[in-house]
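For reference, entry.txt is printed below; it contains compact mmCIF, C-alpha atoms and all ligand atoms.
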```
# COMPACT_ATOMS: atom_id res chain seq x y z
CA MET A 1 -34.94 -28.40 6.80
CA ILE A 2 -34.19 -26.42 3.62
CA GLN A 3 -36.72 -23.59 3.14
CA GLN A 4 -38.18 -22.46 -0.17
CA ILE A 5 -38.54 -18.86 -1.34
CA ASP A 6 -40.44 -17.42 -4.29
CA LYS A 7 -39.67 -14.57 -6.67
CA GLU A 8 -41.88 -12.13 -4.80
CA THR A 9 -39.88 -12.67 -1.61
CA VAL A 10 -36.64 -12.02 -3.53
CA ARG A 11 -38.13 -8.87 -5.08
CA GLU A 12 -39.14 -7.58 -1.64
CA ALA A 13 -35.72 -8.35 -0.15
CA VAL A 14 -33.87 -6.54 -2.97
CA GLN A 15 -36.20 -3.52 -2.70
CA MET A 16 -35.87 -3.39 1.09
CA ALA A 17 -32.07 -3.66 0.89
CA TYR A 18 -32.11 -0.71 -1.51
CA GLU A 19 -34.34 1.42 0.74
CA ARG A 20 -32.33 0.62 3.86
CA CYS A 21 -28.91 1.31 2.32
CA LYS A 22 -29.53 4.14 -0.16
CA ASN A 23 -28.72 6.91 2.34
CA GLU A 24 -25.55 5.26 3.65
CA THR A 25 -22.70 7.76 3.29
CA GLY A 26 -19.68 5.76 4.53
CA GLY A 27 -16.52 5.16 2.51
CA LYS A 28 -14.92 6.98 -0.40
CA ASN A 29 -14.25 6.30 -4.07
CA ALA A 30 -10.94 4.64 -4.95
CA ASP A 31 -8.57 7.51 -5.74
CA TYR A 32 -5.37 5.69 -6.71
CA ILE A 33 -6.87 5.36 -10.21
CA PRO A 34 -8.00 8.87 -11.32
CA TYR A 35 -10.98 7.62 -13.40
CA LEU A 36 -12.52 5.88 -10.37
CA ALA A 37 -12.21 8.98 -8.20
CA ASN A 38 -14.52 10.82 -10.61
CA VAL A 39 -17.36 8.26 -10.85
CA PRO A 40 -20.51 9.76 -9.17
CA SER A 41 -20.44 8.50 -5.56
CA ASN A 42 -24.21 8.33 -5.18
CA LEU A 43 -24.74 5.60 -7.82
CA PHE A 44 -26.27 2.49 -6.25
CA GLY A 45 -27.84 -0.64 -7.68
CA ILE A 46 -28.71 -4.18 -6.59
CA ALA A 47 -29.58 -7.14 -8.85
CA ALA A 48 -30.48 -10.80 -8.37
CA CYS A 49 -30.48 -13.24 -11.30
CA LEU A 50 -32.66 -16.30 -10.74
CA PRO A 51 -32.33 -19.84 -12.16
CA ASP A 52 -34.92 -19.11 -14.89
CA GLY A 53 -32.92 -16.10 -16.09
CA GLU A 54 -35.18 -13.39 -14.65
CA VAL A 55 -33.19 -10.50 -13.23
CA ILE A 56 -34.70 -8.58 -10.32
CA ALA A 57 -33.03 -5.16 -10.37
CA VAL A 58 -33.38 -1.97 -8.31
CA GLY A 59 -31.49 1.33 -8.70
CA ASP A 60 -28.58 2.03 -11.05
CA THR A 61 -28.29 -1.49 -12.43
CA GLU A 62 -27.70 -0.39 -16.06
CA TYR A 63 -24.71 1.86 -15.26
CA ARG A 64 -21.44 0.50 -16.71
CA PHE A 65 -18.83 0.60 -13.96
CA GLY A 66 -15.25 -0.71 -13.86
CA ILE A 67 -15.33 -4.45 -13.11
CA GLU A 68 -11.83 -4.22 -11.55
CA SER A 69 -10.94 -7.14 -9.29
CA VAL A 70 -14.23 -8.92 -9.91
CA SER A 71 -12.66 -9.77 -13.31
CA LYS A 72 -10.30 -12.09 -11.44
CA VAL A 73 -13.22 -14.53 -11.10
CA PRO A 74 -13.92 -15.07 -14.85
CA THR A 75 -10.23 -15.32 -15.71
CA ALA A 76 -9.67 -17.90 -12.96
CA ILE A 77 -12.58 -19.95 -14.37
CA LEU A 78 -11.23 -19.59 -17.92
CA ALA A 79 -7.77 -20.76 -16.84
CA MET A 80 -9.30 -23.77 -15.07
CA ASN A 81 -11.50 -24.44 -18.10
CA GLN A 82 -8.54 -24.34 -20.51
CA TYR A 83 -6.27 -26.44 -18.25
CA SER A 84 -7.92 -27.97 -15.14
CA GLY A 85 -8.62 -27.00 -11.56
CA GLU A 86 -5.67 -29.11 -10.44
CA GLU A 87 -3.25 -27.41 -12.83
CA VAL A 88 -4.33 -23.95 -11.67
CA LEU A 89 -3.93 -25.15 -8.07
CA GLN A 90 -0.41 -26.34 -8.86
CA LYS A 91 0.67 -23.30 -10.93
CA ILE A 92 -1.03 -20.57 -8.84
CA GLY A 93 -2.71 -21.99 -5.71
CA ALA A 94 -6.00 -21.44 -3.90
CA ASP A 95 -4.93 -20.11 -0.50
CA ALA A 96 -6.18 -16.96 1.16
CA THR A 97 -3.41 -14.44 1.80
CA GLY A 98 -5.12 -12.50 4.62
CA LEU A 99 -3.35 -9.48 3.15
CA PRO A 100 -4.29 -6.58 0.83
CA PHE A 101 -5.12 -7.41 -2.80
CA ASN A 102 -1.88 -5.93 -4.17
CA SER A 103 0.45 -7.31 -1.53
CA ILE A 104 4.04 -7.97 -2.54
CA MET A 105 4.68 -9.26 0.96
CA ALA A 106 2.19 -12.09 0.28
CA ILE A 107 4.35 -13.30 -2.62
CA LEU A 108 7.47 -13.23 -0.46
CA LEU A 109 5.75 -14.89 2.51
CA GLU A 110 4.32 -17.68 0.38
CA LYS A 111 7.82 -18.27 -0.91
CA ASP A 112 7.26 -17.64 -4.62
CA HIS A 113 3.64 -18.81 -4.68
CA PRO A 114 1.01 -16.44 -6.13
CA SER A 115 -1.52 -17.90 -3.56
CA THR A 116 -4.81 -17.62 -5.47
CA PRO A 117 -6.04 -16.21 -8.82
CA LEU A 118 -8.25 -13.83 -6.82
CA VAL A 119 -5.41 -11.54 -5.64
CA ASN A 120 -3.30 -9.42 -7.99
CA ALA A 121 -0.29 -11.76 -8.13
CA GLY A 122 -2.41 -14.83 -8.89
CA ALA A 123 -4.63 -12.89 -11.31
CA ILE A 124 -1.62 -11.70 -13.33
CA ALA A 125 -0.34 -15.30 -13.30
CA ALA A 126 -3.79 -16.50 -14.48
CA CYS A 127 -3.72 -13.97 -17.34
CA SER A 128 -0.29 -15.33 -18.26
CA MET A 129 -1.73 -18.86 -18.42
CA ILE A 130 -4.58 -18.01 -20.82
CA ARG A 131 -4.07 -19.61 -24.22
CA PRO A 132 -2.77 -18.99 -26.81
CA ALA A 133 0.54 -17.99 -25.19
CA GLY A 134 2.37 -15.01 -26.65
CA ASP A 135 -0.58 -13.68 -28.67
CA ALA A 136 -1.99 -10.67 -26.80
CA ASP A 137 -4.93 -10.12 -29.17
CA ALA A 138 -6.05 -13.74 -29.12
CA LYS A 139 -5.66 -13.97 -25.34
CA TRP A 140 -7.68 -10.80 -24.94
CA LYS A 141 -10.43 -12.07 -27.25
CA ALA A 142 -10.61 -15.27 -25.19
CA ILE A 143 -11.03 -13.31 -21.94
CA VAL A 144 -13.46 -10.64 -23.11
CA GLY A 145 -15.51 -13.24 -25.01
CA PHE A 146 -15.65 -15.45 -21.92
CA ILE A 147 -16.83 -12.62 -19.67
CA SER A 148 -19.50 -11.71 -22.24
CA GLU A 149 -20.70 -15.33 -22.29
CA LEU A 150 -20.90 -15.38 -18.48
CA ALA A 151 -22.73 -12.04 -18.42
CA GLY A 152 -25.16 -12.90 -21.20
CA GLY A 153 -24.23 -9.80 -23.21
CA GLU A 154 -21.23 -8.02 -24.75
CA VAL A 155 -18.82 -6.30 -22.40
CA GLU A 156 -15.97 -4.02 -23.46
CA VAL A 157 -13.16 -1.93 -22.04
CA ILE A 158 -13.85 1.60 -20.79
CA ASP A 159 -10.97 3.28 -22.65
CA GLU A 160 -10.56 6.15 -20.22
CA LEU A 161 -10.34 3.71 -17.30
CA TYR A 162 -7.79 1.55 -19.13
CA LYS A 163 -5.58 4.61 -19.78
CA SER A 164 -5.96 5.70 -16.17
CA GLU A 165 -5.01 2.23 -14.83
CA THR A 166 -2.08 1.84 -17.22
CA ALA A 167 -0.65 5.20 -16.19
CA THR A 168 -0.70 4.25 -12.49
CA ASN A 169 -0.05 0.47 -12.23
CA PHE A 170 3.54 0.64 -10.90
CA ASN A 171 2.91 -1.78 -8.02
CA ASN A 172 1.43 -4.34 -10.40
CA LYS A 173 4.51 -4.01 -12.65
CA SER A 174 6.65 -5.01 -9.68
CA ILE A 175 4.36 -7.97 -8.99
CA ALA A 176 4.56 -9.20 -12.62
CA TRP A 177 8.36 -9.07 -12.63
CA LEU A 178 8.68 -10.58 -9.14
CA LEU A 179 6.61 -13.51 -10.40
CA LYS A 180 9.02 -13.78 -13.34
CA ASN A 181 11.90 -13.91 -10.87
CA TYR A 182 10.23 -16.87 -9.15
CA GLY A 183 9.24 -18.68 -12.36
CA ARG A 184 5.56 -18.13 -11.53
CA ILE A 185 4.48 -16.28 -14.65
CA TYR A 186 3.73 -18.33 -17.75
CA ASP A 187 3.98 -15.77 -20.55
CA ASP A 188 5.74 -12.45 -21.07
CA PRO A 189 5.31 -10.40 -17.81
CA ASP A 190 4.49 -7.10 -19.57
CA LEU A 191 1.99 -8.77 -21.90
CA SER A 192 0.37 -10.57 -18.94
CA LEU A 193 0.18 -7.36 -16.93
CA ASP A 194 -1.41 -5.50 -19.84
CA ILE A 195 -4.07 -8.22 -20.20
CA TYR A 196 -4.75 -7.97 -16.45
CA THR A 197 -5.00 -4.15 -16.63
CA ARG A 198 -7.37 -4.39 -19.60
CA GLN A 199 -9.62 -6.91 -17.91
CA CYS A 200 -9.86 -4.69 -14.80
CA SER A 201 -10.96 -1.83 -17.10
CA ILE A 202 -13.95 -3.69 -18.54
CA GLY A 203 -17.27 -1.92 -18.01
CA ILE A 204 -20.07 -4.09 -16.64
CA THR A 205 -23.54 -3.43 -15.21
CA ALA A 206 -24.93 -4.83 -11.95
CA ARG A 207 -27.52 -6.69 -14.04
CA GLN A 208 -24.74 -8.39 -16.05
CA LEU A 209 -22.73 -9.12 -12.91
CA ALA A 210 -25.72 -10.83 -11.30
CA THR A 211 -25.98 -12.97 -14.44
CA VAL A 212 -22.30 -13.91 -14.08
CA GLY A 213 -23.16 -15.00 -10.52
CA ALA A 214 -26.18 -16.99 -11.67
CA THR A 215 -24.07 -18.75 -14.32
CA ILE A 216 -21.65 -19.86 -11.61
CA ALA A 217 -24.55 -20.71 -9.26
CA GLY A 218 -26.07 -22.81 -12.07
CA GLY A 219 -22.93 -24.91 -12.62
CA GLY A 220 -21.66 -23.07 -15.70
CA VAL A 221 -24.91 -22.75 -17.68
CA ASN A 222 -25.99 -19.15 -18.32
CA PRO A 223 -29.68 -18.99 -17.27
CA VAL A 224 -30.38 -16.03 -19.60
CA THR A 225 -28.85 -17.44 -22.82
CA HIS A 226 -29.20 -21.11 -21.75
CA ARG A 227 -25.67 -21.68 -23.06
CA PRO A 228 -23.11 -23.86 -21.28
CA VAL A 229 -20.12 -21.57 -20.60
CA PHE A 230 -17.71 -23.69 -18.55
CA LYS A 231 -17.30 -27.21 -17.16
CA PRO A 232 -19.80 -27.82 -14.31
CA GLU A 233 -17.17 -29.26 -11.95
CA LEU A 234 -15.43 -25.85 -11.86
CA ALA A 235 -18.40 -24.06 -10.25
CA PRO A 236 -17.72 -25.30 -6.69
CA LYS A 237 -14.00 -24.61 -7.16
CA ILE A 238 -14.42 -20.94 -8.11
CA THR A 239 -17.10 -20.51 -5.43
CA ALA A 240 -14.66 -21.90 -2.84
CA MET A 241 -12.00 -19.43 -4.01
CA MET A 242 -14.47 -16.53 -3.71
CA ALA A 243 -15.44 -17.65 -0.22
CA THR A 244 -11.81 -17.86 0.96
CA VAL A 245 -10.41 -14.58 -0.39
CA GLY A 246 -13.18 -12.47 -2.00
CA PHE A 247 -12.79 -9.58 0.47
CA TYR A 248 -9.00 -9.87 0.95
CA GLU A 249 -8.04 -9.21 4.59
CA HIS A 250 -11.73 -8.84 5.52
CA THR A 251 -12.86 -12.15 4.02
CA GLY A 252 -13.25 -14.05 7.28
CA ASP A 253 -15.39 -11.32 8.80
CA TRP A 254 -17.60 -11.19 5.69
CA LEU A 255 -18.08 -14.96 5.54
CA PHE A 256 -18.74 -15.15 9.27
CA LEU A 257 -21.42 -12.48 9.02
CA THR A 258 -23.13 -13.51 5.77
CA GLY A 259 -22.09 -17.02 4.64
CA LEU A 260 -22.20 -15.63 1.08
CA PRO A 261 -19.29 -16.39 -1.30
CA ALA A 262 -18.60 -13.06 -2.99
CA LYS A 263 -15.90 -11.03 -4.77
CA THR A 264 -15.35 -7.30 -4.64
CA GLY A 265 -13.72 -4.75 -6.94
CA VAL A 266 -12.47 -1.19 -6.36
CA GLY A 267 -14.96 0.01 -9.01
CA GLY A 268 -17.58 -0.52 -6.27
CA GLY A 269 -19.05 -3.79 -7.56
CA ILE A 270 -19.61 -6.99 -5.57
CA LEU A 271 -20.52 -10.33 -7.15
CA GLY A 272 -22.25 -12.93 -4.99
CA VAL A 273 -22.95 -16.61 -5.69
CA VAL A 274 -25.55 -18.74 -3.92
CA PRO A 275 -24.89 -22.22 -5.40
CA GLY A 276 -27.95 -23.69 -7.05
CA VAL A 277 -30.07 -20.68 -6.08
CA MET A 278 -29.08 -17.31 -7.60
CA GLY A 279 -26.45 -14.79 -8.58
CA LEU A 280 -26.32 -11.46 -6.76
CA ALA A 281 -24.64 -8.15 -7.54
CA ALA A 282 -24.51 -4.74 -5.93
CA PHE A 283 -22.70 -1.59 -7.00
CA ALA A 284 -21.85 1.65 -5.18
CA PRO A 285 -18.47 3.40 -5.61
CA PRO A 286 -17.47 4.46 -2.04
CA LEU A 287 -15.11 1.88 -0.48
CA ASP A 288 -13.83 0.93 2.96
CA GLU A 289 -10.09 0.92 3.67
CA ALA A 290 -9.66 -2.64 2.27
CA GLY A 291 -11.15 -1.58 -1.10
CA ASN A 292 -14.64 -3.09 -0.66
CA SER A 293 -17.81 -1.09 -1.42
CA VAL A 294 -19.46 -0.03 1.84
CA LYS A 295 -23.01 0.24 0.51
CA ALA A 296 -22.81 -2.88 -1.69
CA GLN A 297 -21.58 -4.93 1.29
CA LYS A 298 -24.49 -3.69 3.41
CA ALA A 299 -27.01 -4.36 0.64
CA LEU A 300 -25.86 -7.91 -0.10
CA SER A 301 -25.51 -8.68 3.57
CA TYR A 302 -29.14 -7.60 4.05
CA VAL A 303 -30.39 -9.69 1.10
CA ALA A 304 -28.43 -12.77 2.23
CA GLY A 305 -29.66 -12.42 5.81
CA HIS A 306 -33.25 -11.67 4.93
CA LEU A 307 -33.53 -14.57 2.46
CA ASN A 308 -31.55 -16.95 4.68
CA LEU A 309 -28.95 -17.65 1.97
CA ASN A 310 -26.05 -18.46 4.34
CA LEU A 311 -24.27 -21.38 2.68
CA PHE A 312 -23.39 -22.91 6.02
CA ASN A 313 -26.90 -22.82 7.38
CA THR A 314 -28.65 -26.20 7.31
CA THR A 315 -32.00 -24.41 6.93
CA ARG A 316 -30.86 -22.17 4.09
CA CYS A 317 -33.30 -21.27 1.33
CA VAL A 318 -33.66 -22.56 -2.22
CA MET A 319 -35.90 -21.10 -4.96
CA ARG A 320 -39.41 -22.46 -5.33
CA ALA A 321 -40.98 -23.17 -8.75
CA CYS A 322 -38.07 -21.71 -10.62
CA GLU A 323 -36.35 -24.51 -12.45
CA PRO A 324 -32.66 -24.22 -13.45
CA ALA A 325 -32.13 -23.53 -17.15
CA GLN A 326 -31.86 -26.74 -19.21
CA VAL A 327 -29.19 -27.06 -21.88
O1 LIG A 401 -4.92 -4.11 -9.54
C1 LIG A 401 -5.53 -3.08 -9.25
O2 LIG A 401 -5.03 -2.24 -8.57
C2 LIG A 401 -6.95 -2.80 -9.75
N1 LIG A 401 -6.98 -2.57 -11.11
C3 LIG A 401 -7.94 -3.80 -9.29
C4 LIG A 401 -7.97 -3.84 -7.81
C5 LIG A 401 -9.24 -4.22 -7.18
O3 LIG A 401 -10.33 -4.06 -7.69
C6 LIG A 401 -9.13 -4.71 -5.79
N2 LIG A 401 -10.41 -5.03 -5.24
N3 LIG A 401 -11.06 -4.70 -4.34
```
Would you mind writing the file's structure down as structure tokens?
Amino acid sequence: MIQQIDKETVREAVQMAYERCKNETGGKNADYIPYLANVPSNLFGIAACLPDGEVIAVGDTEYRFGIESVSKVPTAILAMNQYSGEEVLQKIGADATGLPFNSIMAILLEKDHPSTPLVNAGAIAACSMIRPAGDADAKWKAIVGFISELAGGEVEVIDELYKSETATNFNNKSIAWLLKNYGRIYDDPDLSLDIYTRQCSIGITARQLATVGATIAGGGVNPVTHRPVFKPELAPKITAMMATVGFYEHTGDWLFLTGLPAKTGVGGGILGVVPGVMGLAAFAPPLDEAGNSVKAQKALSYVAGHLNLNLFNTTRCVMRACEPAQV
């Protein structure tokens, strides 16, 4: 039987996760992008956004960190919203690679197929799909505007991070041009790569990220602004993509342990989605060797376990007396 939880229980779980994980010292900041290496390692925040738009937040949840690979989620939704889920499936795919996020081998093994918009190859391909083709400014406005709508507040690029990423994205340049070689990029490769680099450099707070999660969990309606942001039928599609590849080569382990569809970024953020229930976010810069925040994984794993949010559990919890936002 499905259990019901109330706000107080969520508040306690978020606070307890914070207390239990705050002294965790494992992992280290991403250092292949100089800006990220210099972000204070002790920052830590957890947020949960509920169906009525209330955000329960503990710790450094107002700090603007680099969204990085979590940005692959909004752009995948935008591509599906502009075209359709089926067209994104056909042009990019939705398969897990089981390999690191920036794998060139994955492109070769899949025989020209970018696999999923949630790894670098598929994300660059998704950026190439965003309309209008050929117009970098208009494409960028579409992406940054869409992320702001999902987050319930303006987001913008952290200039220093963008410069730092652009100066070091040699592997991603190879990916963009390899996709061109295979006919799997749908706009100019350099333009598409620049859009991808810019979107990774967006600054976002854990509070905003939890709202992104709640918008997906609520079928495309932002519970804070009450605005419909994307077509409801895309919510289960993006959640399925997050569940299959959100932690790259560690995704199976994560899903086995938590049952929580989630997506990580090397900025230290993790976005979690509990369909119909809530959006979750945690942020702490030190990462494991796959590029996933050590502390944020522990925190979200604790919250999901404590609140019984495992998607595959027949007794999983739903929110009590907390109606979804009406359009
Ligand atoms: O493409 C890159 O290298 C980065 N800008 C984003 C990578 C990332 O966040 C991978 N996630 N864990």
With ligand LIG 401 (chain A) as the partner and 6 Å as the cut-off, tabulate the residues of chain A that qualify, each row holding the nearest pair of atoms and their distance in Å to one decimal, using all atoms listed in the file, sorted by chain and rising number, as a Markdown table.
```
| residue | atom | partner | partner_atom | distance |
| --- | --- | --- | --- | --- |
| A:Glu68 | CA | A:LIG401 | O3 | 4.1 |
| A:Ser69 | CA | A:LIG401 | O3 | 3.5 |
| A:Phe101 | CA | A:LIG401 | C6 | 5.7 |
| A:Asn120 | CA | A:LIG401 | O1 | 5.8 |
| A:Cys200 | CA | A:LIG401 | N1 | 5.1 |
| A:Thr264 | CA | A:LIG401 | N3 | 5.0 |
| A:Gly265 | CA | A:LIG401 | O3 | 3.5 |
| A:Val266 | CA | A:LIG401 | O3 | 3.8 |
| A:Gly291 | CA | A:LIG401 | N3 | 4.5 |
| A:Asn292 | CA | A:LIG401 | N3 | 5.4 |
```
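Nearest to A:Pro132 of all the residues A:Ala299, A:Asn308, A:Thr314, A:Ser192 is A:Ser192, based on all atoms listed in the file.
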For A:Ala210, which residue out of A:Leu50, A:Ala142, A:Ile67, A:Val14 is the nearest one, using all atoms listed in the file?
A:Leu50
I want to know what sits within 7 Å of stretch 72-89 of chain A, based on all atoms listed in the file, with residues of the same chain fewer than 2 positions away left out; could you give that as a ChimeraX atom specification?
/A:69-70,91-94,117-118,123,126-127,129-130,143,147,230-231,234,238
Just the number, please: distance in Å from atom CA of A:Arg11 to atom CA of A:Ile202, one decimal.
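About the pair atom CA of A:Arg11 and atom CA of A:Ile202: they are 28.2 Å apart.
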For A:Gly269, which residue out of A:Val229, A:Ala17, A:Ala47, A:Val221 is the nearest one, using only C-alpha atoms?
A:Ala47
Can you fill out stretch 292-304 of chain A with N, CA, C and O atoms and hand it back as a PDB file, in the frame of the given file?
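Output file result30.pdb follows:
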```pdb
ATOM      1  N   ASN A 292     -13.349  -2.428  -0.443  1.00  0.00           N
ATOM      2  CA  ASN A 292     -14.640  -3.090  -0.660  1.00  0.00           C
ATOM      3  C   ASN A 292     -15.766  -2.078  -0.516  1.00  0.00           C
ATOM      4  O   ASN A 292     -15.768  -1.287   0.443  1.00  0.00           O
ATOM      5  N   SER A 293     -16.726  -2.082  -1.436  1.00  0.00           N
ATOM      6  CA  SER A 293     -17.810  -1.090  -1.420  1.00  0.00           C
ATOM      7  C   SER A 293     -18.621  -1.181  -0.115  1.00  0.00           C
ATOM      8  O   SER A 293     -19.127  -2.251   0.248  1.00  0.00           O
ATOM      9  N   VAL A 294     -18.752  -0.060   0.558  1.00  0.00           N
ATOM     10  CA  VAL A 294     -19.460  -0.030   1.840  1.00  0.00           C
ATOM     11  C   VAL A 294     -20.940  -0.338   1.639  1.00  0.00           C
ATOM     12  O   VAL A 294     -21.512  -1.222   2.291  1.00  0.00           O
ATOM     13  N   LYS A 295     -21.566   0.384   0.704  1.00  0.00           N
ATOM     14  CA  LYS A 295     -23.010   0.240   0.510  1.00  0.00           C
ATOM     15  C   LYS A 295     -23.353  -1.134  -0.093  1.00  0.00           C
ATOM     16  O   LYS A 295     -24.331  -1.769   0.287  1.00  0.00           O
ATOM     17  N   ALA A 296     -22.535  -1.580  -1.046  1.00  0.00           N
ATOM     18  CA  ALA A 296     -22.810  -2.880  -1.690  1.00  0.00           C
ATOM     19  C   ALA A 296     -22.680  -4.013  -0.670  1.00  0.00           C
ATOM     20  O   ALA A 296     -23.460  -4.971  -0.698  1.00  0.00           O
ATOM     21  N   GLN A 297     -21.707  -3.895   0.252  1.00  0.00           N
ATOM     22  CA  GLN A 297     -21.580  -4.930   1.290  1.00  0.00           C
ATOM     23  C   GLN A 297     -22.841  -4.952   2.144  1.00  0.00           C
ATOM     24  O   GLN A 297     -23.385  -6.012   2.443  1.00  0.00           O
ATOM     25  N   LYS A 298     -23.298  -3.748   2.546  1.00  0.00           N
ATOM     26  CA  LYS A 298     -24.490  -3.690   3.410  1.00  0.00           C
ATOM     27  C   LYS A 298     -25.704  -4.263   2.690  1.00  0.00           C
ATOM     28  O   LYS A 298     -26.494  -5.008   3.275  1.00  0.00           O
ATOM     29  N   ALA A 299     -25.841  -3.913   1.406  1.00  0.00           N
ATOM     30  CA  ALA A 299     -27.010  -4.360   0.640  1.00  0.00           C
ATOM     31  C   ALA A 299     -27.020  -5.883   0.497  1.00  0.00           C
ATOM     32  O   ALA A 299     -28.047  -6.539   0.747  1.00  0.00           O
ATOM     33  N   LEU A 300     -25.886  -6.455   0.109  1.00  0.00           N
ATOM     34  CA  LEU A 300     -25.860  -7.910  -0.100  1.00  0.00           C
ATOM     35  C   LEU A 300     -25.976  -8.661   1.228  1.00  0.00           C
ATOM     36  O   LEU A 300     -26.581  -9.734   1.301  1.00  0.00           O
ATOM     37  N   SER A 301     -25.405  -8.074   2.252  1.00  0.00           N
ATOM     38  CA  SER A 301     -25.510  -8.680   3.570  1.00  0.00           C
ATOM     39  C   SER A 301     -26.982  -8.716   3.995  1.00  0.00           C
ATOM     40  O   SER A 301     -27.469  -9.722   4.539  1.00  0.00           O
ATOM     41  N   TYR A 302     -27.705  -7.643   3.706  1.00  0.00           N
ATOM     42  CA  TYR A 302     -29.140  -7.600   4.050  1.00  0.00           C
ATOM     43  C   TYR A 302     -29.905  -8.666   3.259  1.00  0.00           C
ATOM     44  O   TYR A 302     -30.695  -9.431   3.824  1.00  0.00           O
ATOM     45  N   VAL A 303     -29.665  -8.724   1.947  1.00  0.00           N
ATOM     46  CA  VAL A 303     -30.390  -9.690   1.100  1.00  0.00           C
ATOM     47  C   VAL A 303     -30.101 -11.121   1.575  1.00  0.00           C
ATOM     48  O   VAL A 303     -31.017 -11.934   1.750  1.00  0.00           O
ATOM     49  N   ALA A 304     -28.813 -11.409   1.816  1.00  0.00           N
ATOM     50  CA  ALA A 304     -28.430 -12.770   2.230  1.00  0.00           C
ATOM     51  C   ALA A 304     -29.068 -13.126   3.567  1.00  0.00           C
ATOM     52  O   ALA A 304     -29.570 -14.245   3.756  1.00  0.00           O
TER      53      ALA A 304
END
```
